[in-house]
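Have a look at the structure below before the remarks.
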Amino acid sequence: MYAIVEIQGQQFNVEAGKKLFVNRMVAEKGAVVEFDKVLLVDNEGKVKVGAPTVKGAKVVCEVLDNECRGEKILVFHKKRRKGYKKLNGHRQDLTNLIVKEIIA
(Lines give C-alpha, C1' and ligand atoms only; values in the text may rest on other atoms or scores of the structure.)
Protein backbone atom coordinates (compact mmCIF):
# COMPACT_ATOMS: atom_id res chain seq x y z
CA MET A 1 0.00 0.00 0.00
CA TYR A 2 1.28 3.44 -0.89
CA ALA A 3 -0.13 6.94 -1.02
CA ILE A 4 0.71 10.31 -2.48
CA VAL A 5 0.38 12.99 0.18
CA GLU A 6 0.88 16.75 0.12
CA ILE A 7 3.05 18.08 2.96
CA GLN A 8 3.73 21.83 3.10
CA GLY A 9 3.06 22.30 -0.61
CA GLN A 10 5.22 19.38 -1.77
CA GLN A 11 4.00 15.95 -2.87
CA PHE A 12 5.58 12.77 -1.50
CA ASN A 13 5.13 9.09 -2.34
CA VAL A 14 4.85 7.37 1.05
CA GLU A 15 4.70 3.78 2.28
CA ALA A 16 4.55 2.40 5.81
CA GLY A 17 8.04 2.37 7.33
CA LYS A 18 9.51 4.82 4.80
CA LYS A 19 11.60 7.79 5.99
CA LEU A 20 10.97 11.28 4.61
CA PHE A 21 12.85 14.56 4.72
CA VAL A 22 10.44 17.52 4.57
CA ASN A 23 10.92 21.24 5.10
CA ARG A 24 11.30 22.24 8.76
CA MET A 25 8.08 21.73 10.73
CA VAL A 26 7.08 23.03 14.15
CA ALA A 27 7.00 19.69 15.98
CA GLU A 28 9.11 18.14 18.69
CA LYS A 29 11.14 14.95 18.40
CA GLY A 30 8.92 11.91 18.98
CA ALA A 31 5.68 13.76 18.20
CA VAL A 32 3.02 12.06 16.07
CA VAL A 33 1.87 14.12 13.09
CA GLU A 34 -1.12 13.39 10.83
CA PHE A 35 -1.52 14.59 7.25
CA ASP A 36 -4.97 14.53 5.68
CA LYS A 37 -4.19 15.95 2.23
CA VAL A 38 -3.94 12.53 0.59
CA LEU A 39 -4.18 12.82 -3.18
CA LEU A 40 -4.02 9.13 -4.14
CA VAL A 41 -4.15 5.77 -2.35
CA ASP A 42 -3.14 2.44 -3.92
CA ASN A 43 -4.22 -0.56 -1.85
CA GLU A 44 -2.77 -3.53 -3.74
CA GLY A 45 -4.17 -2.58 -7.12
CA LYS A 46 -7.28 -0.76 -5.88
CA VAL A 47 -6.54 2.87 -6.66
CA LYS A 48 -8.51 5.75 -5.15
CA VAL A 49 -7.87 9.15 -6.71
CA GLY A 50 -9.09 12.19 -4.84
CA ALA A 51 -10.81 15.20 -6.31
CA PRO A 52 -8.80 17.01 -4.92
CA THR A 53 -8.22 14.73 -1.88
CA VAL A 54 -9.35 11.26 -0.83
CA LYS A 55 -12.02 11.59 1.86
CA GLY A 56 -11.28 9.85 5.14
CA ALA A 57 -7.68 9.06 4.22
CA LYS A 58 -4.73 10.22 6.28
CA VAL A 59 -1.07 9.44 6.82
CA VAL A 60 0.31 9.10 10.35
CA CYS A 61 3.99 9.96 10.83
CA GLU A 62 6.41 10.26 13.73
CA VAL A 63 9.09 12.95 13.96
CA LEU A 64 12.53 11.31 14.20
CA ASP A 65 14.67 14.44 14.13
CA ASN A 66 13.79 18.11 13.80
CA GLU A 67 17.29 19.53 13.38
CA CYS A 68 18.51 18.01 10.10
CA ARG A 69 20.14 19.99 7.34
CA GLY A 70 20.13 19.21 3.63
CA GLU A 71 23.08 19.10 1.30
CA LYS A 72 24.87 22.34 0.54
CA ILE A 73 23.75 24.06 -2.64
CA LEU A 74 26.15 26.54 -4.20
CA VAL A 75 24.71 29.61 -5.94
CA PHE A 76 27.18 31.31 -8.29
CA HIS A 77 26.59 34.68 -9.99
CA LYS A 78 28.89 36.13 -12.60
CA LYS A 79 28.80 38.98 -15.09
CA ARG A 80 31.25 38.38 -17.87
CA ARG A 81 33.99 40.88 -18.64
CA LYS A 82 33.08 43.00 -15.59
CA GLY A 83 35.11 41.27 -12.87
CA TYR A 84 31.95 40.50 -10.90
CA LYS A 85 31.72 37.10 -9.19
CA LYS A 86 29.73 36.09 -6.15
CA LEU A 87 29.42 32.64 -4.55
CA ASN A 88 26.79 31.86 -1.92
CA GLY A 89 26.01 28.58 -0.19
CA HIS A 90 22.69 27.41 1.22
CA ARG A 91 21.65 24.47 3.40
CA GLN A 92 17.94 23.87 3.90
CA ASP A 93 16.61 23.06 7.37
CA LEU A 94 14.73 19.75 7.29
CA THR A 95 12.60 17.51 9.49
CA ASN A 96 13.07 13.73 9.37
CA LEU A 97 9.80 11.75 9.49
CA ILE A 98 8.99 8.06 9.48
CA VAL A 99 5.61 6.88 8.16
CA LYS A 100 3.80 4.77 10.76
CA GLU A 101 0.61 3.92 8.85
CA ILE A 102 -1.66 4.90 6.01
CA ILE A 103 -5.36 5.02 6.87
CA ALA A 104 -7.64 4.80 3.84
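Residue names in the C-alpha coordinates use chain letters A, B, ... in the order shown, residue numbers from 1 in each chain, and ligand numbers from 1 in the order shown.
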Notebook entry, point to check: Leaving out segment 1-18 of chain A and any residue of its chain fewer than 6 positions from it, which residues lie within 10 Å of it when counting only C-alpha atoms, given as a VMD selection string?
Noted result: chain A and resid 24 to 25 35 to 49 53 to 54 57 to 61 97 to 104
Item checked: Backbone DSSP call of strand (DSSP E) for chain A, listed as an NGL selection string -> :A and (2-7 or 10-15 or 19-23 or 32-35 or 38-43 or 46-49 or 58-69 or 73-79 or 84-90 or 93-103)
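Pairwise distance (atom CA of Leu64 of chain A, atom CA of Thr95 of chain A) equals 7.8 Å.
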Notebook entry, point to check: Expressed in Å to a single decimal, how great is the separation between atom CA of His90 of chain A and atom CA of Val22 of chain A?
Noted result: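 Between atom CA of His90 of chain A and atom CA of Val22 of chain A the gap is 16.1 Å.
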Next item on the list: With a distance cut-off of 7 Å and only C-alpha atoms, select the neighbouring residues of Arg69 of chain A, excluding the residue or stretch itself and same-chain residues fewer than 2 positions from it, and output the selection as a PyMOL selection string.
Entry: chain A and resi 67+71+91-94
Next item on the list: Tell me, in Å to one decimal, how far atom CA of Asn23 of chain A is from atom CA of Leu87 of chain A.
Entry: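 Spanning atom CA of Asn23 of chain A to atom CA of Leu87 of chain A is a straight-line distance of 23.8 Å.
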Checklist line | Selected residue of minimal separation from Lys19 of chain A among A:Val63, A:Cys68, A:Ala31, A:Leu74, counting only C-alpha atoms | finding: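 The shortest atom-to-atom distance to Lys19 of chain A comes from A:Val63.
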